[in-house]
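Written below as structure tokens is the structure these notes are about.
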Amino acid sequence: MLKNTALSETHIALGAKMVPFAGFNMPVQYTGINDEHETVRTGVGVFDVSHMGEFILKGEKALDLLQKISSNDVSKLYDGKVQYAYIPNETGGVVDDFLTYRIDEKTYFLVVNASNIEKDWNWISKYNTDGVEMKNISDQTSLFAVQGPKAADALQSLTDIELAPMEYYTFA
């Protein structure tokens with residue numbers, strides 16, 4: 001049975017074409033690929049990516065654990081910065097790609113691919129030899145990608161944080 005995101009019923013009510021993806025009932029399009037592409041290129045589009053996996057890593061040794069499992073140098077992150085990387089395996093291949101968000105020096109938020117949630121969780125857990133607190137919050141988390149040149153304007157009324165001056169790959 002397919003899982004639904006928090007907005008699945010809304011997607012259906014609005015006429016989205018739904019398809020199975022990574023165990024979820026996901027909207028693939030509303031008005032058509034060309035129209036939606038143009039909307040995102042010239043305006044703003046919202047994508048429900050709630051099927052993605054989300055993990056919290058917390059503790060004194062959280063950075064050490066991330067340095068073991070990430071292809072990138074996580075020590076370069078500062079609070080509010082995001083980093084793209086992949087998880088290498090022991091033979092030089094790739095387990096998955098993912099994003100690391102540094103919340104503070106002891107707390108990190110990871111976003112992994114939907115089809116690899118369990119595999120990534122198990123891989124990271126395997127290298128958690130220093131008791132880093134790990135929490136899989138994938139089933140309790142909704143995630144939306146708001147993209148396009150008018151994205152910051154569309155979201156600004158929802159927050160007091162000034163969005164327009166935010167740098168690339170940062171969060172607040």
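Going through the structure tokens in order, the chains are called A, B, and so on, while each chain numbers its residues from 1 and the ligands are numbered from 1 in the order shown.
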*Considering only C-alpha atoms, return as JSON, numbers by chain whatever protein or nucleic-acid residues lie within 7 Å of region 102-111 of chain A, sequence-local ones (same chain, fewer than 4 positions apart) excluded.*
{"A": [52, 53, 54, 55, 56, 57, 58, 59, 60, 62, 77, 78, 79, 80, 81, 82, 98]}
Can you spit out the residues from that selection as a CSV table (one decimal), in the first residue's frame, using N, CA and C atoms?
chain,number,residue,atom,x,y,z
A,52,MET,N,10.9,12.5,0.9
A,52,MET,CA,12.3,12.4,1.2
A,52,MET,C,12.5,12.0,2.6
A,53,GLY,N,13.7,11.5,2.9
A,53,GLY,CA,14.0,11.1,4.3
A,53,GLY,C,14.7,12.2,5.1
A,54,GLU,N,14.4,12.3,6.3
A,54,GLU,CA,15.0,13.3,7.2
A,54,GLU,C,15.5,12.7,8.5
A,55,PHE,N,16.8,13.0,8.8
A,55,PHE,CA,17.4,12.4,10.0
A,55,PHE,C,18.0,13.6,10.8
A,56,ILE,N,17.9,13.5,12.1
A,56,ILE,CA,18.6,14.4,13.0
A,56,ILE,C,19.8,13.7,13.7
A,57,LEU,N,21.0,14.3,13.6
A,57,LEU,CA,22.2,13.7,14.3
A,57,LEU,C,22.6,14.8,15.3
A,58,LYS,N,22.7,14.3,16.6
A,58,LYS,CA,23.0,15.3,17.6
A,58,LYS,C,23.9,14.7,18.7
A,59,GLY,N,24.8,15.6,19.1
A,59,GLY,CA,25.8,15.2,20.2
A,59,GLY,C,27.2,15.7,20.0
A,60,GLU,N,28.0,15.5,21.0
A,60,GLU,CA,29.4,16.0,20.9
A,60,GLU,C,30.1,15.4,19.7
A,62,ALA,N,28.7,14.3,16.8
A,62,ALA,CA,27.9,14.4,15.5
A,62,ALA,C,28.8,14.7,14.3
A,77,LEU,N,30.9,23.7,7.4
A,77,LEU,CA,29.6,24.3,7.7
A,77,LEU,C,29.6,25.2,8.9
A,78,TYR,N,28.7,26.2,8.8
A,78,TYR,CA,28.4,27.0,10.0
A,78,TYR,C,26.9,27.0,10.2
A,79,ASP,N,26.5,27.5,11.4
A,79,ASP,CA,25.1,27.5,11.7
A,79,ASP,C,24.3,28.1,10.5
A,80,GLY,N,23.3,27.4,10.0
A,80,GLY,CA,22.4,28.0,8.9
A,80,GLY,C,23.0,27.6,7.5
A,81,LYS,N,24.0,26.9,7.4
A,81,LYS,CA,24.6,26.5,6.1
A,81,LYS,C,24.2,25.1,5.7
A,82,VAL,N,24.0,24.9,4.5
A,82,VAL,CA,23.7,23.6,3.9
A,82,VAL,C,24.8,23.1,3.0
A,98,PHE,N,23.1,13.2,-0.5
A,98,PHE,CA,22.2,13.8,0.6
A,98,PHE,C,22.6,15.3,0.9
Would you kindly return, as a PDB file with C-alpha atoms, in the first residue's frame, each protein, DNA or RNA residue with an atom no farther than 10 Å from any atom of Tyr84 (chain A), considering only C-alpha atoms and excluding same-chain residues fewer than 4 positions away?
ATOM      1  CA  SER A  70      30.268  12.210   3.981  1.00  0.00           C
ATOM      2  CA  SER A  71      32.306  12.819   0.838  1.00  0.00           C
ATOM      3  CA  ASN A  72      32.469  16.504   1.715  1.00  0.00           C
ATOM      4  CA  VAL A  74      31.329  18.946   7.011  1.00  0.00           C
ATOM      5  CA  ASP A  97      23.613  11.566  -2.126  1.00  0.00           C
ATOM      6  CA  PHE A  98      22.242  13.815   0.604  1.00  0.00           C
ATOM      7  CA  LEU A  99      22.103  17.288   2.140  1.00  0.00           C
ATOM      8  CA  THR A 100      23.513  18.261   5.540  1.00  0.00           C
ATOM      9  CA  TYR A 101      22.051  21.260   7.393  1.00  0.00           C
ATOM     10  CA  LEU A 110      20.094  15.377   6.936  1.00  0.00           C
ATOM     11  CA  VAL A 111      17.846  14.992   3.893  1.00  0.00           C
ATOM     12  CA  TYR A 169      22.541  26.853   0.324  1.00  0.00           C
TER      13      TYR A 169
END
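The smallest atom-to-atom distance between Thr159 (chain A) and any of A:Phe21, A:Ala172, A:Ala85, A:His11, using only C-alpha atoms, is found for A:Ala172.
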*If you run DSSP on this backbone, which residues of region 29-131 of chain A come out as helix (DSSP H, G or I), and could you give them as a PyMOL selection string?*
chain A and resi 33-42+62-69+74-76+114-126
*asked:* Given only C-alpha atoms as the basis, pick out the residue of A:Glu167, A:Glu90, A:Asp48, A:Glu9 nearest to Tyr127 (chain A).
replied: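 So, comparing all the options, the nearest one is A:Glu90.
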*Polymer residues at most 9 Å from Gly43 (chain A), only C-alpha atoms, same-chain spacing of 4 or more positions, as a PyMOL selection string*: chain A and resi 38-39+147-151
_Residue nearest Pro20 (chain A) among A:Gln67, A:Ser115, A:Thr42, A:Asn34 (counting only C-alpha atoms)_ = A:Ser115
Go through region 41-138 of chain A residue by residue and, counting only C-alpha atoms, keep those with an atom at most 9 Å from region 24-31 of chain A; for each kept residue give the shortest atom pair and its distance in Å to one decimal, ordered by chain and increasing number, as JSON lines.
{"residue": "A:Phe47", "atom": "CA", "partner": "A:Pro27", "partner_atom": "CA", "distance": 8.7}
{"residue": "A:Asp48", "atom": "CA", "partner": "A:Pro27", "partner_atom": "CA", "distance": 7.8}
{"residue": "A:Val49", "atom": "CA", "partner": "A:Met26", "partner_atom": "CA", "distance": 8.6}
{"residue": "A:His51", "atom": "CA", "partner": "A:Phe24", "partner_atom": "CA", "distance": 6.6}
{"residue": "A:Ala114", "atom": "CA", "partner": "A:Phe24", "partner_atom": "CA", "distance": 9.0}
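Every protein or nucleic acid residue with an atom no more than 12 Å from Glu118 (chain A), counting only C-alpha atoms and leaving out same-chain residues fewer than 2 positions away, appears here: Ala22, Met52, Gly53, Glu54, Phe55, Val95, Asp96, Val112, Asn113, Ala114, Ser115, Asn116, Asp120, Trp121, Asn122, Trp123, Ile124, Ser125, Asn136 and Ser138 of chain A.
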